[in-house]
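A.B. asks: Questions regarding the structure given below will be posed in turn.
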Amino acid sequence: VQPAEFAALTQPTAAPQLEEKGMLWWKHRIAIPPARLFAAPPVPASFPNRAAYAEAMHREVEAVPLPKTPSAWSGYYDACFPTFTPSTTWISKHRVNHQLLSELKPKSVLDIGSNRGWYAQLAAHLGAKVVAFDADEVCVTRLYADAKQRNCDILPLVMSFQKPTPGYGLGEWFPPAIERLRCDLVLALGVVHHLVFLDGLRFDQIVAGLADYSKHSLIVEFAPKEDQHVAKWDATGKDWYTLENFKSALAYRFKSIRLLPLDPPRIVLLCQN
């Protein structure tokens, strides 16, 4: 699909007029994208109208086969992908997050580092509008397939927590991800230790990013050094990596912090404003 074909689906809109003389309109933030400031190219003659053309494009895109190449983290749920109603296959992490989501009833949820998105799908199953992102394209592709099959209200995105999509366009008409993706509740499960030990981030950096995406609440998981997975990584220079220090960093951005134990030694923290 060519860019001009997308433009053919866009209704032309006149450029805004500024009353102040000498002002350049493109230097000001505008609410409509630049593509809509110009007349769109005509719809191909083989289609009666734009709606028919859009439907044809939709069918063409949906027919594109998605690759099934495995990645480093795409097999995380291969052994077990539980149902979304409480069952004996659930572990404490499933039960605790189901409890919190049921209590808080957020209208919108952002799942950061979602992998295949079991928790994103759980939130959608409980009635939330969900956005989920992960840097692993294969995992996000699987989430897209799951959401489509189950008709879940989920927007899956490929994006890195450390490198969120910036704003761009004339007058920055397209806001940065940190503005567009803000939700009532943020899920950050199984990501903090990765960001510290594999990506070299500090607690204050991680908390700042998580808090900026959250309108009200954050559910974040903490895995201490004695965790079987964390223990395999080099902890040199990471003496500051403790639960108390993590709580202190969270306290700068959230008014209340509630601790809920998972299977030892992990813990979930519910942070709220």
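By convention here, the chains of the structure tokens are called A, B, ... in the order presented, each chain's residues are numbered starting at 1, and ligands are numbered starting at 1 in the order presented.
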Please identify the strand (DSSP E or B) residues within range 83-265 of chain A (assignment by DSSP from backbone atoms) and present them as a PyMOL selection string.
C.D. replies: chain A and resi 108-112+129-134+154-158+168+174+183-188+214-222+256-261
A.B. asks: Do you know which residues are at most 12 Å from Ser71 in chain A counting only C-alpha atoms, after dropping those on the same chain fewer than 5 positions away, and could you put them as a PyMOL selection string?
C.D. replies: chain A and resi 76+115-116+135-142
A.B. asks: Could you write out that same residue set with N, CA and C atoms as a short mmCIF file (atom, residue, chain, number, x, y, z; two decimals), in the first residue's frame?
C.D. replies:
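And here is the file that came out, out.cif:
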data_model
loop_
_atom_site.label_atom_id
_atom_site.label_comp_id
_atom_site.auth_asym_id
_atom_site.auth_seq_id
_atom_site.Cartn_x
_atom_site.Cartn_y
_atom_site.Cartn_z
N TYR A 76 7.81 -17.64 25.93
CA TYR A 76 7.56 -17.50 27.36
C TYR A 76 6.28 -18.21 27.80
N ASN A 115 5.05 -8.76 26.44
CA ASN A 115 5.28 -10.07 25.84
C ASN A 115 4.04 -10.42 25.01
N ARG A 116 3.52 -11.63 25.14
CA ARG A 116 2.34 -12.03 24.36
C ARG A 116 1.06 -11.40 24.90
N ALA A 135 9.15 -4.47 22.98
CA ALA A 135 10.17 -4.27 21.96
C ALA A 135 10.33 -5.50 21.08
N ASP A 136 9.75 -6.63 21.50
CA ASP A 136 9.87 -7.88 20.75
C ASP A 136 8.72 -7.97 19.74
N GLU A 137 9.06 -7.83 18.47
CA GLU A 137 8.04 -7.80 17.42
C GLU A 137 7.27 -9.11 17.32
N VAL A 138 7.95 -10.22 17.55
CA VAL A 138 7.28 -11.53 17.45
C VAL A 138 6.22 -11.66 18.54
N CYS A 139 6.54 -11.23 19.75
CA CYS A 139 5.57 -11.28 20.85
C CYS A 139 4.36 -10.41 20.55
N VAL A 140 4.60 -9.21 20.03
CA VAL A 140 3.50 -8.31 19.72
C VAL A 140 2.64 -8.87 18.58
N THR A 141 3.27 -9.54 17.63
CA THR A 141 2.51 -10.17 16.55
C THR A 141 1.57 -11.24 17.10
N ARG A 142 2.05 -12.01 18.08
CA ARG A 142 1.20 -13.03 18.69
C ARG A 142 0.06 -12.40 19.47
#
A.B. asks: Name the closest residue to Phe203 in chain A among the candidates A:Leu218, A:Asp234, A:Asn245, A:Val130; distances are taken between atoms, counting only C-alpha atoms.
C.D. replies: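 Closest candidate: A:Asn245.
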A.B. asks: Write out as number ranges by chain which residues come within 12 Å of Gly237 in chain A when counting only C-alpha atoms, dropping same-chain ones fewer than 6 positions away.
C.D. replies: A: 196-197, 200, 202
A.B. asks: For Lys232 in chain A, work out the shell of residues within 12 Å, counting only C-alpha atoms and skipping chain neighbours fewer than 6 positions away, then give it as a PyMOL selection string.
C.D. replies: chain A and resi 193-194+197-198+224-226
A.B. asks: CA of Val220 in chain A and CA of Ala235 in chain A, how far apart in Å?
C.D. replies: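 Rounded to one decimal, the two atoms are 21.0 Å apart.
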A.B. asks: Find the spatial neighbours of His98 in chain A, counting only C-alpha atoms, within a cut-off of 10 Å - ignore same-chain residues fewer than 4 positions away - and output them as a ChimeraX atom specification.
C.D. replies: /A:84-86,92-94,102-103,119,122-123,126
A.B. asks: So which one's closest to Lys129 in chain A, A:Pro175, A:Pro44, A:Pro261, A:Pro156? Using only C-alpha atoms, please.
C.D. replies: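 Using only C-alpha atoms, Lys129 in chain A sits closest to A:Pro156.
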A.B. asks: What does the structure give for the distance between CA of Ala208 in chain A and CA of Phe246 in chain A, in Å to one decimal?
C.D. replies: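 CA of Ala208 in chain A sits 12.0 Å away from CA of Phe246 in chain A.
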A.B. asks: Between CA of Thr83 in chain A and CA of Ile219 in chain A, what is the spacing in Å?
C.D. replies: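 Computing it gives 20.9 Å between the two atoms.
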A.B. asks: Do a neighbour search on range 152-154 of chain A at 8 Å with only C-alpha atoms, toss out local chain neighbours closer than 5 positions, and write the hits as an mmCIF file with N, CA and C atoms, in the first residue's frame.
C.D. replies:
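Output contents, as saved in result-v4.cif:
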data_model
loop_
_atom_site.group_PDB
_atom_site.id
_atom_site.type_symbol
_atom_site.label_atom_id
_atom_site.label_comp_id
_atom_site.auth_asym_id
_atom_site.auth_seq_id
_atom_site.Cartn_x
_atom_site.Cartn_y
_atom_site.Cartn_z
ATOM 1 N N ALA A 120 -2.564 -8.127 29.519
ATOM 2 C CA ALA A 120 -3.307 -7.179 28.694
ATOM 3 C C ALA A 120 -4.660 -7.764 28.317
ATOM 4 N N GLN A 121 -4.660 -9.041 27.957
ATOM 5 C CA GLN A 121 -5.910 -9.703 27.585
ATOM 6 C C GLN A 121 -6.816 -9.895 28.802
ATOM 7 N N ALA A 124 -8.502 -6.590 29.329
ATOM 8 C CA ALA A 124 -9.552 -6.404 28.321
ATOM 9 C C ALA A 124 -10.752 -7.286 28.640
ATOM 10 N N HIS A 125 -10.503 -8.496 29.104
ATOM 11 C CA HIS A 125 -11.582 -9.415 29.482
ATOM 12 C C HIS A 125 -12.415 -8.831 30.624
ATOM 13 N N ALA A 128 -11.622 -3.317 30.334
ATOM 14 C CA ALA A 128 -10.796 -2.130 30.086
ATOM 15 C C ALA A 128 -10.432 -2.011 28.611
ATOM 16 N N LYS A 129 -10.214 -0.776 28.177
ATOM 17 C CA LYS A 129 -9.584 -0.530 26.877
ATOM 18 C C LYS A 129 -8.079 -0.603 27.118
ATOM 19 N N VAL A 130 -7.384 -1.384 26.316
ATOM 20 C CA VAL A 130 -5.997 -1.713 26.624
ATOM 21 C C VAL A 130 -5.053 -1.324 25.492
ATOM 22 N N VAL A 131 -3.907 -0.772 25.885
ATOM 23 C CA VAL A 131 -2.770 -0.587 24.990
ATOM 24 C C VAL A 131 -1.634 -1.427 25.561
ATOM 25 N N ALA A 132 -0.931 -2.148 24.707
ATOM 26 C CA ALA A 132 0.176 -2.986 25.170
ATOM 27 C C ALA A 132 1.358 -2.807 24.234
ATOM 28 N N ALA A 147 -5.622 -11.025 20.121
ATOM 29 C CA ALA A 147 -6.640 -9.990 20.293
ATOM 30 C C ALA A 147 -7.658 -10.031 19.166
#
